[in-house]
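Text of coords-v5.cif (mmCIF, C-alpha atoms) as supplied:
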data_work
loop_
_atom_site.label_atom_id
_atom_site.label_comp_id
_atom_site.auth_asym_id
_atom_site.auth_seq_id
_atom_site.Cartn_x
_atom_site.Cartn_y
_atom_site.Cartn_z
CA VAL A 1 -12.06 4.48 16.55
CA GLN A 2 -10.80 7.68 14.98
CA ILE A 3 -7.60 7.12 13.00
CA ALA A 4 -5.60 10.13 11.79
CA ILE A 5 -3.02 9.70 9.05
CA LEU A 6 -0.61 12.63 8.72
CA MET A 7 -0.05 13.77 5.14
CA PHE A 8 2.68 15.99 3.70
CA ASP A 9 4.33 16.33 0.32
CA GLY A 10 7.05 13.75 -0.13
CA TYR A 11 5.42 10.95 1.89
CA THR A 12 5.90 7.34 0.79
CA ALA A 13 2.66 5.83 -0.52
CA LEU A 14 2.91 2.37 1.00
CA ASP A 15 3.90 3.78 4.43
CA ALA A 16 0.45 5.34 4.61
CA ILE A 17 -1.66 2.87 2.62
CA GLY A 18 -0.40 -0.30 4.34
CA PRO A 19 -1.74 0.79 7.76
CA TYR A 20 -4.77 2.45 6.13
CA ASP A 21 -5.95 -0.68 4.36
CA VAL A 22 -5.55 -2.74 7.54
CA LEU A 23 -6.79 -0.29 10.22
CA SER A 24 -9.78 0.89 8.17
CA ARG A 25 -11.17 -2.63 8.65
CA LEU A 26 -11.51 -2.10 12.42
CA PRO A 27 -15.20 -2.02 13.41
CA GLY A 28 -16.22 1.63 13.73
CA ALA A 29 -13.02 2.91 12.12
CA GLU A 30 -13.19 6.54 11.03
CA VAL A 31 -10.13 7.52 9.03
CA ARG A 32 -9.05 11.15 8.69
CA TRP A 33 -6.37 12.21 6.20
CA VAL A 34 -4.86 15.24 7.92
CA ALA A 35 -2.38 17.92 6.83
CA ALA A 36 -1.08 21.29 7.94
CA ASP A 37 -2.45 22.66 4.68
CA PRO A 38 -5.32 20.41 3.54
CA GLY A 39 -5.39 19.54 -0.14
CA ILE A 40 -3.71 17.18 -2.55
CA LYS A 41 -0.43 15.70 -1.30
CA SER A 42 2.10 14.03 -3.60
CA THR A 43 4.53 11.22 -2.91
CA GLU A 44 8.25 11.67 -3.25
CA GLN A 45 8.48 10.00 -6.68
CA ALA A 46 8.97 11.73 -10.02
CA TRP A 47 5.63 10.17 -10.99
CA PRO A 48 3.72 10.61 -7.78
CA VAL A 49 0.47 9.30 -6.47
CA LYS A 50 -1.68 12.16 -5.24
CA ILE A 51 -3.87 11.64 -2.20
CA VAL A 52 -6.49 14.08 -0.96
CA ALA A 53 -5.89 15.17 2.65
CA GLU A 54 -9.20 16.77 3.52
CA HIS A 55 -8.75 17.65 7.14
CA SER A 56 -6.87 20.35 8.98
CA PHE A 57 -5.26 19.80 12.36
CA ALA A 58 -8.08 21.79 13.96
CA ASP A 59 -10.58 19.25 12.55
CA VAL A 60 -8.84 16.32 14.23
CA PRO A 61 -7.47 17.37 17.61
CA SER A 62 -7.65 14.03 19.41
CA PRO A 63 -7.57 10.88 17.28
CA GLU A 64 -7.42 7.55 19.05
CA ILE A 65 -4.80 6.22 16.61
CA LEU A 66 -2.17 8.48 15.11
CA VAL A 67 -0.23 7.22 12.06
CA VAL A 68 2.83 9.11 10.78
CA PRO A 69 4.23 7.81 7.48
CA GLY A 70 7.77 8.45 6.27
CA GLY A 71 9.30 9.56 2.99
CA PHE A 72 11.85 12.04 1.74
CA GLY A 73 9.51 14.83 2.85
CA VAL A 74 9.91 14.11 6.58
CA ASP A 75 12.62 16.68 7.25
CA GLN A 76 10.51 19.45 5.79
CA ALA A 77 7.43 18.23 7.69
CA ALA A 78 9.44 18.06 10.92
CA GLU A 79 10.44 21.72 10.52
CA ASP A 80 6.79 22.81 10.41
CA GLU A 81 5.80 24.04 13.87
CA ARG A 82 2.15 23.29 13.14
CA VAL A 83 2.98 19.61 12.55
CA ILE A 84 5.00 19.37 15.74
CA GLU A 85 2.44 21.13 17.89
CA TRP A 86 -0.40 18.98 16.60
CA LEU A 87 1.56 15.78 17.19
CA GLN A 88 2.55 16.77 20.72
CA LYS A 89 -1.02 17.68 21.59
CA ALA A 90 -2.61 14.66 19.89
CA HIS A 91 -0.09 12.34 21.53
CA GLU A 92 -1.29 13.49 24.98
CA THR A 93 -4.70 11.90 24.42
CA SER A 94 -4.03 9.21 21.79
CA ARG A 95 -4.46 5.52 22.52
CA TRP A 96 -1.70 4.67 20.04
CA THR A 97 0.92 6.97 18.52
CA THR A 98 2.57 5.22 15.59
CA SER A 99 5.04 5.76 12.77
CA VAL A 100 6.15 3.83 9.71
CA CYS A 101 9.61 4.11 8.16
CA THR A 102 11.13 7.60 8.55
CA GLY A 103 7.88 8.84 10.05
CA SER A 104 9.83 8.20 13.26
CA ILE A 105 11.97 11.24 12.39
CA ILE A 106 8.87 13.42 12.75
CA LEU A 107 7.89 11.74 16.02
CA GLY A 108 11.47 12.25 17.18
CA ALA A 109 11.41 15.94 16.27
CA ALA A 110 8.24 16.27 18.36
CA GLY A 111 10.17 14.89 21.36
CA ILE A 112 7.99 11.80 21.51
CA LEU A 113 10.82 9.27 21.22
CA GLN A 114 13.07 10.75 23.92
CA GLY A 115 14.55 7.85 25.90
CA LYS A 116 12.62 5.25 23.88
CA ARG A 117 13.67 2.33 21.73
CA ALA A 118 12.38 2.87 18.20
CA ALA A 119 12.35 1.46 14.67
CA THR A 120 12.79 3.31 11.38
CA HIS A 121 13.98 2.63 7.84
CA TRP A 122 17.31 0.81 8.15
CA LEU A 123 19.20 3.61 6.39
CA TRP A 124 18.01 6.20 8.91
CA ARG A 125 18.56 4.26 12.13
CA GLU A 126 21.41 6.43 13.42
CA ARG A 127 19.37 9.61 12.85
CA LEU A 128 17.08 8.54 15.69
CA ARG A 129 19.88 9.21 18.18
CA ASP A 130 19.54 12.95 17.42
CA PHE A 131 16.20 12.78 19.22
CA GLY A 132 17.37 10.82 22.25
CA ALA A 133 15.93 7.57 20.88
CA GLU A 134 17.65 4.21 20.77
CA PRO A 135 17.41 2.69 17.27
CA THR A 136 16.77 -1.02 16.90
CA GLY A 137 16.75 -3.38 13.94
CA GLU A 138 13.36 -4.83 14.92
CA ARG A 139 10.47 -4.63 12.49
CA VAL A 140 7.93 -3.27 14.98
CA VAL A 141 8.88 -1.72 18.33
CA ARG A 142 6.37 -1.03 21.09
CA GLU A 143 7.13 1.30 23.96
CA GLY A 144 3.87 1.63 25.85
CA LYS A 145 1.48 3.32 23.48
CA ILE A 146 4.21 4.38 21.05
CA VAL A 147 4.64 1.94 18.17
CA THR A 148 7.30 2.51 15.54
CA ALA A 149 7.81 0.32 12.47
CA ALA A 150 10.77 -0.23 10.15
CA GLY A 151 10.86 0.65 6.42
CA VAL A 152 7.81 1.13 4.18
CA SER A 153 6.14 -2.31 4.07
CA SER A 154 6.43 -2.90 7.83
CA GLY A 155 3.37 -0.75 8.45
CA ILE A 156 1.24 -3.72 7.39
CA ASP A 157 2.69 -5.92 10.15
CA MET A 158 2.37 -3.08 12.66
CA ALA A 159 -1.26 -2.45 11.81
CA LEU A 160 -2.21 -6.12 12.11
CA GLN A 161 -0.70 -6.14 15.59
CA LEU A 162 -2.67 -3.01 16.48
CA ILE A 163 -5.90 -4.69 15.37
CA ALA A 164 -5.08 -7.61 17.64
CA ASP A 165 -4.57 -5.18 20.52
CA GLU A 166 -7.70 -3.17 19.77
CA ALA A 167 -10.11 -5.92 18.81
CA GLY A 168 -8.50 -9.29 19.51
CA PRO A 169 -6.48 -11.86 17.57
CA GLU A 170 -9.51 -13.33 15.76
CA LEU A 171 -10.26 -10.07 13.98
CA ALA A 172 -6.57 -9.51 13.23
CA GLN A 173 -6.44 -12.94 11.59
CA ALA A 174 -9.64 -12.23 9.65
CA VAL A 175 -8.16 -8.98 8.36
CA GLN A 176 -4.91 -10.73 7.44
CA LEU A 177 -6.98 -13.27 5.51
CA SER A 178 -9.09 -10.52 3.89
CA ILE A 179 -5.96 -8.86 2.49
CA GLU A 180 -4.45 -12.29 1.79
CA TYR A 181 -1.26 -11.34 3.57
CA ASP A 182 0.62 -14.57 3.03
CA PRO A 183 3.86 -13.01 1.82
CA GLN A 184 5.94 -14.86 -0.76
CA PRO A 185 8.57 -12.39 -1.90
CA PRO A 186 10.63 -13.79 -4.79
CA PHE A 187 13.87 -13.02 -2.91
CA ASP A 188 15.01 -12.96 0.70
CA ALA A 189 16.53 -9.50 0.61
CA GLY A 190 14.14 -7.49 2.77
CA SER A 191 16.56 -6.39 5.49
CA PRO A 192 20.21 -5.31 5.53
CA GLU A 193 20.96 -8.43 7.58
CA LYS A 194 19.50 -10.71 4.87
CA ALA A 195 20.32 -9.01 1.57
CA PRO A 196 23.67 -9.73 -0.11
CA PRO A 197 26.28 -7.13 1.02
CA GLU A 198 26.73 -5.75 -2.50
CA ILE A 199 22.97 -5.11 -2.74
CA VAL A 200 23.03 -3.36 0.63
CA GLU A 201 25.90 -1.12 -0.51
CA ALA A 202 24.30 -0.32 -3.89
CA THR A 203 21.02 0.57 -2.17
CA ARG A 204 22.81 2.73 0.39
CA ARG A 205 24.50 4.67 -2.42
CA ALA A 206 21.33 5.02 -4.52
CA VAL A 207 19.12 6.19 -1.65
CA GLY A 208 21.88 8.43 -0.30
CA SER A 209 22.26 10.22 -3.62
CA ARG A 210 18.49 10.65 -3.87
CA ALA A 211 18.38 12.15 -0.38
CA ALA A 212 21.28 14.47 -1.26
CA GLN A 213 19.50 15.59 -4.43
CA ARG A 214 16.45 16.41 -2.40
CA ASP A 215 18.46 18.36 0.18
CA ALA A 216 20.18 20.28 -2.63
CA SER A 217 16.88 21.15 -4.29
CA ARG A 218 15.47 22.33 -0.95
CA ALA A 219 18.56 24.51 -0.38
CA ARG A 220 18.13 26.26 -3.72
CA VAL B 6 8.76 2.20 -18.93
CA GLN B 7 5.21 3.54 -18.98
CA ILE B 8 3.05 2.01 -16.24
CA ALA B 9 -0.72 2.55 -16.32
CA ILE B 10 -2.76 1.92 -13.18
CA LEU B 11 -6.51 1.67 -13.81
CA MET B 12 -8.62 3.65 -11.35
CA PHE B 13 -12.32 3.44 -10.63
CA ASP B 14 -14.52 4.13 -7.63
CA GLY B 15 -14.50 1.23 -5.21
CA TYR B 16 -10.92 0.08 -5.83
CA THR B 17 -8.90 -1.34 -2.93
CA ALA B 18 -6.08 0.99 -1.93
CA LEU B 19 -3.33 -1.53 -1.29
CA ASP B 20 -4.09 -3.40 -4.55
CA ALA B 21 -2.96 -0.29 -6.41
CA ILE B 22 -0.34 1.15 -4.06
CA GLY B 23 1.60 -2.10 -3.50
CA PRO B 24 2.54 -2.41 -7.19
CA TYR B 25 2.88 1.38 -7.50
CA ASP B 26 5.42 1.73 -4.73
CA VAL B 27 7.48 -1.14 -6.16
CA LEU B 28 7.20 -0.51 -9.92
CA SER B 29 7.71 3.25 -9.63
CA ARG B 30 11.28 2.40 -8.56
CA LEU B 31 12.09 0.96 -11.99
CA PRO B 32 14.63 3.14 -13.80
CA GLY B 33 12.75 5.37 -16.22
CA ALA B 34 9.36 4.47 -14.75
CA GLU B 35 6.54 6.80 -15.79
CA VAL B 36 3.38 6.09 -13.88
CA ARG B 37 -0.03 7.14 -15.18
CA TRP B 38 -3.17 6.97 -13.03
CA VAL B 39 -5.88 6.36 -15.62
CA ALA B 40 -9.69 6.35 -15.48
CA ALA B 41 -12.69 6.37 -17.81
CA ASP B 42 -13.63 9.68 -16.21
CA PRO B 43 -10.47 11.30 -14.85
CA GLY B 44 -10.74 12.85 -11.42
CA ILE B 45 -10.72 11.83 -7.80
CA LYS B 46 -11.42 8.14 -7.19
CA SER B 47 -12.43 6.74 -3.82
CA THR B 48 -11.77 3.34 -2.29
CA GLU B 49 -14.56 1.03 -1.26
CA GLN B 50 -14.39 1.89 2.45
CA ALA B 51 -16.83 4.04 4.38
CA TRP B 52 -13.81 6.25 5.12
CA PRO B 53 -12.08 6.17 1.77
CA VAL B 54 -8.70 7.24 0.57
CA LYS B 55 -9.09 9.46 -2.47
CA ILE B 56 -6.52 9.24 -5.25
CA VAL B 57 -6.29 11.59 -8.19
CA ALA B 58 -6.52 9.79 -11.57
CA GLU B 59 -5.34 12.47 -13.93
CA HIS B 60 -5.32 10.65 -17.25
CA SER B 61 -8.03 9.60 -19.65
CA PHE B 62 -7.77 6.42 -21.71
CA ALA B 63 -6.99 8.55 -24.78
CA ASP B 64 -3.92 9.92 -22.95
CA VAL B 65 -2.48 6.46 -22.35
CA PRO B 66 -3.25 4.19 -25.30
CA SER B 67 -0.27 1.85 -25.08
CA PRO B 68 1.43 1.48 -21.70
CA GLU B 69 4.20 -1.09 -21.34
CA ILE B 70 2.86 -2.30 -18.00
CA LEU B 71 -0.86 -2.39 -17.28
CA VAL B 72 -1.98 -2.78 -13.64
CA VAL B 73 -5.62 -3.49 -12.79
CA PRO B 74 -6.43 -3.38 -9.07
CA GLY B 75 -9.47 -5.02 -7.50
CA GLY B 76 -12.09 -3.93 -5.01
CA PHE B 77 -15.86 -4.00 -4.60
CA GLY B 78 -16.10 -1.61 -7.56
CA VAL B 79 -14.86 -4.14 -10.13
CA ASP B 80 -18.29 -5.30 -11.32
CA GLN B 81 -19.33 -1.75 -12.11
CA ALA B 82 -15.99 -1.05 -13.82
CA ALA B 83 -16.30 -4.26 -15.84
CA GLU B 84 -19.70 -3.12 -17.16
CA ASP B 85 -18.17 0.08 -18.57
CA GLU B 86 -17.55 -0.42 -22.30
CA ARG B 87 -14.84 2.25 -22.24
CA VAL B 88 -12.86 0.29 -19.65
CA ILE B 89 -13.18 -2.96 -21.59
CA GLU B 90 -12.25 -1.41 -24.94
CA TRP B 91 -9.21 0.35 -23.48
CA LEU B 92 -8.00 -2.85 -21.79
CA GLN B 93 -8.44 -4.93 -24.93
CA LYS B 94 -6.59 -2.38 -27.04
CA ALA B 95 -3.81 -1.73 -24.50
CA HIS B 96 -3.32 -5.46 -23.97
CA GLU B 97 -2.49 -5.86 -27.69
CA THR B 98 0.70 -3.84 -27.29
CA SER B 99 1.53 -4.18 -23.58
CA ARG B 100 4.65 -5.93 -22.37
CA TRP B 101 2.86 -7.03 -19.19
CA THR B 102 -0.86 -7.09 -18.47
CA THR B 103 -1.42 -7.55 -14.75
CA SER B 104 -4.11 -7.63 -12.10
CA VAL B 105 -4.21 -7.73 -8.33
CA CYS B 106 -7.03 -9.31 -6.32
CA THR B 107 -10.42 -9.02 -8.05
CA GLY B 108 -8.87 -6.88 -10.76
CA SER B 109 -8.81 -10.25 -12.54
CA ILE B 110 -12.62 -9.96 -12.84
CA ILE B 111 -12.11 -6.91 -15.07
CA LEU B 112 -9.41 -8.67 -17.11
CA GLY B 113 -11.78 -11.62 -17.41
CA ALA B 114 -14.65 -9.43 -18.59
CA ALA B 115 -12.33 -8.07 -21.28
CA GLY B 116 -11.78 -11.63 -22.52
CA ILE B 117 -8.11 -11.56 -21.60
CA LEU B 118 -8.17 -14.60 -19.31
CA GLN B 119 -9.98 -16.97 -21.70
CA GLY B 120 -8.31 -20.39 -21.43
CA LYS B 121 -5.71 -19.14 -18.94
CA ARG B 122 -4.83 -20.11 -15.39
CA ALA B 123 -5.31 -17.09 -13.14
CA ALA B 124 -5.19 -15.88 -9.54
CA THR B 125 -7.65 -13.65 -7.71
CA HIS B 126 -8.83 -12.98 -4.16
CA TRP B 127 -9.56 -16.40 -2.60
CA LEU B 128 -13.25 -15.55 -2.13
CA TRP B 129 -13.71 -14.83 -5.85
CA ARG B 130 -11.83 -17.78 -7.31
CA GLU B 131 -14.91 -19.52 -8.76
CA ARG B 132 -16.04 -16.30 -10.46
CA LEU B 133 -13.07 -16.61 -12.82
CA ARG B 134 -14.71 -19.62 -14.47
CA ASP B 135 -17.39 -17.27 -15.87
CA PHE B 136 -14.66 -15.87 -18.11
CA GLY B 137 -13.21 -19.18 -19.25
CA ALA B 138 -10.29 -18.91 -16.85
CA GLU B 139 -8.98 -21.62 -14.57
CA PRO B 140 -8.64 -20.33 -10.99
CA THR B 141 -5.64 -21.37 -8.93
CA GLY B 142 -4.68 -20.88 -5.29
CA GLU B 143 -1.22 -19.60 -6.21
CA ARG B 144 -0.14 -16.15 -5.08
CA VAL B 145 1.15 -14.99 -8.46
CA VAL B 146 0.28 -16.71 -11.76
CA ARG B 147 2.12 -16.01 -15.01
CA GLU B 148 0.68 -16.98 -18.36
CA GLY B 149 2.99 -15.45 -20.92
CA LYS B 150 2.70 -11.71 -20.47
CA ILE B 151 -0.44 -11.97 -18.35
CA VAL B 152 0.31 -11.89 -14.62
CA THR B 153 -2.49 -12.19 -12.08
CA ALA B 154 -2.02 -11.97 -8.33
CA ALA B 155 -4.12 -13.15 -5.39
CA GLY B 156 -5.76 -10.89 -2.79
CA VAL B 157 -4.75 -7.31 -1.97
CA SER B 158 -1.21 -7.60 -0.54
CA SER B 159 0.00 -10.03 -3.21
CA GLY B 160 0.57 -7.15 -5.64
CA ILE B 161 3.80 -6.42 -3.77
CA ASP B 162 5.19 -9.90 -4.50
CA MET B 163 3.98 -9.68 -8.11
CA ALA B 164 5.62 -6.32 -8.68
CA LEU B 165 8.96 -7.46 -7.26
CA GLN B 166 8.91 -10.36 -9.70
CA LEU B 167 8.14 -7.96 -12.57
CA ILE B 168 11.13 -5.83 -11.61
CA ALA B 169 13.32 -8.93 -11.74
CA ASP B 170 11.97 -9.68 -15.22
CA GLU B 171 12.31 -6.11 -16.45
CA ALA B 172 15.60 -5.11 -14.86
CA GLY B 173 17.20 -8.17 -13.27
CA PRO B 174 17.26 -9.81 -9.85
CA GLU B 175 19.79 -7.35 -8.39
CA LEU B 176 17.45 -4.41 -8.82
CA ALA B 177 14.50 -6.44 -7.55
CA GLN B 178 16.48 -7.23 -4.40
CA ALA B 179 17.51 -3.59 -4.01
CA VAL B 180 13.88 -2.51 -4.26
CA GLN B 181 12.83 -5.18 -1.76
CA LEU B 182 15.49 -3.84 0.59
CA SER B 183 14.43 -0.22 -0.05
CA ILE B 184 10.88 -0.99 1.04
CA GLU B 185 12.21 -3.29 3.78
CA TYR B 186 9.93 -6.10 2.65
CA ASP B 187 10.92 -8.65 5.26
CA PRO B 188 7.40 -9.66 6.26
CA GLN B 189 6.77 -10.68 9.86
CA PRO B 190 2.99 -10.86 10.20
CA PRO B 191 1.95 -11.50 13.80
CA PHE B 192 -0.22 -14.45 12.70
CA ASP B 193 -0.05 -17.13 10.02
CA ALA B 194 -3.55 -16.60 8.68
CA GLY B 195 -2.93 -15.07 5.28
CA SER B 196 -4.57 -17.74 3.11
CA PRO B 197 -7.67 -19.92 3.46
CA GLU B 198 -5.35 -22.94 3.61
CA LYS B 199 -3.47 -21.52 6.61
CA ALA B 200 -6.09 -19.64 8.63
CA PRO B 201 -8.15 -21.51 11.25
CA PRO B 202 -11.39 -22.80 9.65
CA GLU B 203 -13.59 -20.67 11.90
CA ILE B 204 -11.70 -17.54 10.81
CA VAL B 205 -12.15 -18.53 7.17
CA GLU B 206 -15.90 -18.97 7.67
CA ALA B 207 -16.32 -15.73 9.60
CA THR B 208 -14.43 -13.82 6.89
CA ARG B 209 -16.48 -15.46 4.15
CA ARG B 210 -19.70 -14.34 5.87
CA ALA B 211 -18.46 -10.81 6.58
CA VAL B 212 -17.14 -10.18 3.07
CA GLY B 213 -20.19 -11.85 1.52
CA SER B 214 -22.57 -9.58 3.38
CA ARG B 215 -20.54 -6.53 2.39
CA ALA B 216 -20.65 -7.58 -1.27
CA ALA B 217 -24.41 -8.17 -0.99
CA GLN B 218 -24.90 -4.72 0.55
CA ARG B 219 -23.02 -3.18 -2.32
CA ASP B 220 -25.05 -5.10 -4.91
CA ALA B 221 -28.27 -4.01 -3.19
CA SER B 222 -27.22 -0.37 -3.14
CA ARG B 223 -26.33 -0.55 -6.84
CA ALA B 224 -29.71 -2.11 -7.63
CA ARG B 225 -31.57 0.73 -5.92
#
Rewrite the structure from the file as structure tokens, please.
Amino acid sequence: VQIAILMFDGYTALDAIGPYDVLSRLPGAEVRWVAADPGIKSTEQAWPVKIVAEHSFADVPSPEILVVPGGFGVDQAAEDERVIEWLQKAHETSRWTTSVCTGSIILGAAGILQGKRAATHWLWRERLRDFGAEPTGERVVREGKIVTAAGVSSGIDMALQLIADEAGPELAQAVQLSIEYDPQPPFDAGSPEKAPPEIVEATRRAVGSRAAQRDASRAR
Amino acid sequence: VQIAILMFDGYTALDAIGPYDVLSRLPGAEVRWVAADPGIKSTEQAWPVKIVAEHSFADVPSPEILVVPGGFGVDQAAEDERVIEWLQKAHETSRWTTSVCTGSIILGAAGILQGKRAATHWLWRERLRDFGAEPTGERVVREGKIVTAAGVSSGIDMALQLIADEAGPELAQAVQLSIEYDPQPPFDAGSPEKAPPEIVEATRRAVGSRAAQRDASRAR
């Protein structure tokens, strides 16, 4: 099973690593870290984690599983014709085309979500309408072979479901046990429907101002 | 807040990235990827993710938060005197000394868990006794400033709790909401107490044979 993970500067680390650490446990998994310009890619943070993306698009024309992470870098990635062309082409032959968080913005820009229900980070849900998609508040949305997940950590849940589909529920449970995914978050604030309203508003403002800063620095 | 994440070949990606993606959202967070020999470090998988560890131990003598991930490479890392000396020294001045998964083996080898209750990956629990620690089946164990977490994904829960301790429960909830950590795993198999017994046994055999392969290849 060839798994391609799209890399670009400004990705979110956990969006990529959650699915990686789950899907790489599929028997016969071959993971390719792929970028328009291969090399070291940095997360969006001021103190980034740097991951080596060794492969060009030409190296990986037809992965079985396509994973597109999100992050503040998605708008820039979605403007890159090479990214869009590769996604459109790879999607024609993929078994699964997936995104985590705002990775759905890139899938949307490639026309892949037209007329589909889709998930994304809760703060970006309305953006999906720009691409003819119908946003939902679900954690993982499947539309045929297109699977979109909600914010950041949801890629773990998505990937476990993909293992069940690819290799059966026994292996998915074994992988869940291997990564001891028995979540016990100290709070119950993981979605805008569950978090206290003042936390939702504070987060909306904080993330919004970060996104605006990034747009401003790109415009300069 | 200076956060040092220990890197070595054979670490598990999510052990490091879970806490990274949470703790890097602390106000004033400065994350340092640290290794005995700085450079590119690869995960344990056949198809690894490669992370750049830019800093030497001399660069980062006294981080406030120390994060030690696990992985099949922990035994080799624990045999490196430079790793042990740095951990012992950094632990003297740290505010929090933490591990995820089998990272606790390295903390144990540094003498830091002597007489303490501690968590680790469920398959390695008994190993902790070699270091005078008392293994528990809890997901996150706090003993003063020493915080140990269970397998792989538990670093996310641990890091959210650390944010609450460092910056208050409001910020911890905002971070949980930012990474949309509202877990909905497709199965309830994330701990040996919850998974079906046959899944537990199959996982024990599979992981055991992988560990044995690694030991054999080191011995060669």
Which residues are close to region 62-68 of chain B, i.e. within 6 Å by all atoms listed in the file, leaving aside same-chain residues fewer than 2 positions away? Reply as a compact mmCIF listing (two decimals) with C-alpha atoms, in the coordinates of the input.
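Now in result_33.txt:
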# COMPACT_ATOMS: atom_id res chain seq x y z
CA GLN B 7 5.21 3.54 -18.98
CA ILE B 8 3.05 2.01 -16.24
CA ALA B 9 -0.72 2.55 -16.32
CA HIS B 60 -5.32 10.65 -17.25
CA ILE B 70 2.86 -2.30 -18.00
CA ALA B 95 -3.81 -1.73 -24.50
CA SER B 99 1.53 -4.18 -23.58
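The space between CA of Pro140 (chain B) and CA of Arg122 (chain B) spans 5.8 Å.
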Long-range neighbours of region 12-29 of chain A as a count of residues only, 7 Å cut-off, all atoms listed in the file, 6 positions minimum in chain: 23
Give me, as JSON lines, each residue of chain B that comes within 6 Å of chain A, together with its shortest interatomic pair and the distance in Å at one decimal, counting only C-alpha atoms, with rows ordered by chain and rising residue number.
{"residue": "B:Glu35", "atom": "CA", "partner": "A:Trp47", "partner_atom": "CA", "distance": 5.9}
{"residue": "B:Val36", "atom": "CA", "partner": "A:Trp47", "partner_atom": "CA", "distance": 5.5}
{"residue": "B:Trp52", "atom": "CA", "partner": "A:Val31", "partner_atom": "CA", "distance": 5.5}
{"residue": "B:Lys55", "atom": "CA", "partner": "A:Val52", "partner_atom": "CA", "distance": 5.5}
{"residue": "B:Ile56", "atom": "CA", "partner": "A:Ile51", "partner_atom": "CA", "distance": 4.7}
{"residue": "B:Val57", "atom": "CA", "partner": "A:Lys50", "partner_atom": "CA", "distance": 5.5}
{"residue": "B:Gly156", "atom": "CA", "partner": "A:Glu180", "partner_atom": "CA", "distance": 5.0}
{"residue": "B:Val157", "atom": "CA", "partner": "A:Ile179", "partner_atom": "CA", "distance": 4.9}
{"residue": "B:Ser158", "atom": "CA", "partner": "A:Tyr181", "partner_atom": "CA", "distance": 5.6}
{"residue": "B:Asp162", "atom": "CA", "partner": "A:Pro185", "partner_atom": "CA", "distance": 4.9}
{"residue": "B:Gln178", "atom": "CA", "partner": "A:Ala189", "partner_atom": "CA", "distance": 5.5}
{"residue": "B:Ala179", "atom": "CA", "partner": "A:Thr203", "partner_atom": "CA", "distance": 5.7}
{"residue": "B:Gln181", "atom": "CA", "partner": "A:Gly190", "partner_atom": "CA", "distance": 5.3}
{"residue": "B:Leu182", "atom": "CA", "partner": "A:Gly190", "partner_atom": "CA", "distance": 4.5}
{"residue": "B:Ile184", "atom": "CA", "partner": "A:Val152", "partner_atom": "CA", "distance": 4.9}
{"residue": "B:Glu185", "atom": "CA", "partner": "A:Gly190", "partner_atom": "CA", "distance": 4.7}
{"residue": "B:Tyr186", "atom": "CA", "partner": "A:Gly190", "partner_atom": "CA", "distance": 4.4}
{"residue": "B:Asp187", "atom": "CA", "partner": "A:Gly190", "partner_atom": "CA", "distance": 4.2}
{"residue": "B:Pro190", "atom": "CA", "partner": "A:Asp157", "partner_atom": "CA", "distance": 4.9}
{"residue": "B:Ala194", "atom": "CA", "partner": "A:Gln173", "partner_atom": "CA", "distance": 5.5}
{"residue": "B:Gly195", "atom": "CA", "partner": "A:Asp182", "partner_atom": "CA", "distance": 4.2}
{"residue": "B:Ser196", "atom": "CA", "partner": "A:Glu180", "partner_atom": "CA", "distance": 5.6}
{"residue": "B:Ile204", "atom": "CA", "partner": "A:Ala174", "partner_atom": "CA", "distance": 5.8}
{"residue": "B:Thr208", "atom": "CA", "partner": "A:Ala174", "partner_atom": "CA", "distance": 5.8}
Please report the interatomic distance between CA of Gly116 (chain B) and CA of Arg223 (chain B) in Å with one decimal.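 Separation of CA of Gly116 (chain B) and CA of Arg223 (chain B): 24.1 Å.
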Just the residues within 10 Å of Ala119 (chain A), please, counting only C-alpha atoms, with nothing from its chain fewer than 4 positions along; format it as a list in words.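 Here the answer would be Ser99, Val100, Cys101, Thr102, Gly103, Ser104, Trp124, Arg125, Leu128, Ala133, Glu134, Pro135, Thr136, Gly137, Glu138, Arg139, Val140, Val141, Arg142, Val147, Thr148, Ala149, Ala150 and Gly151 of chain A.
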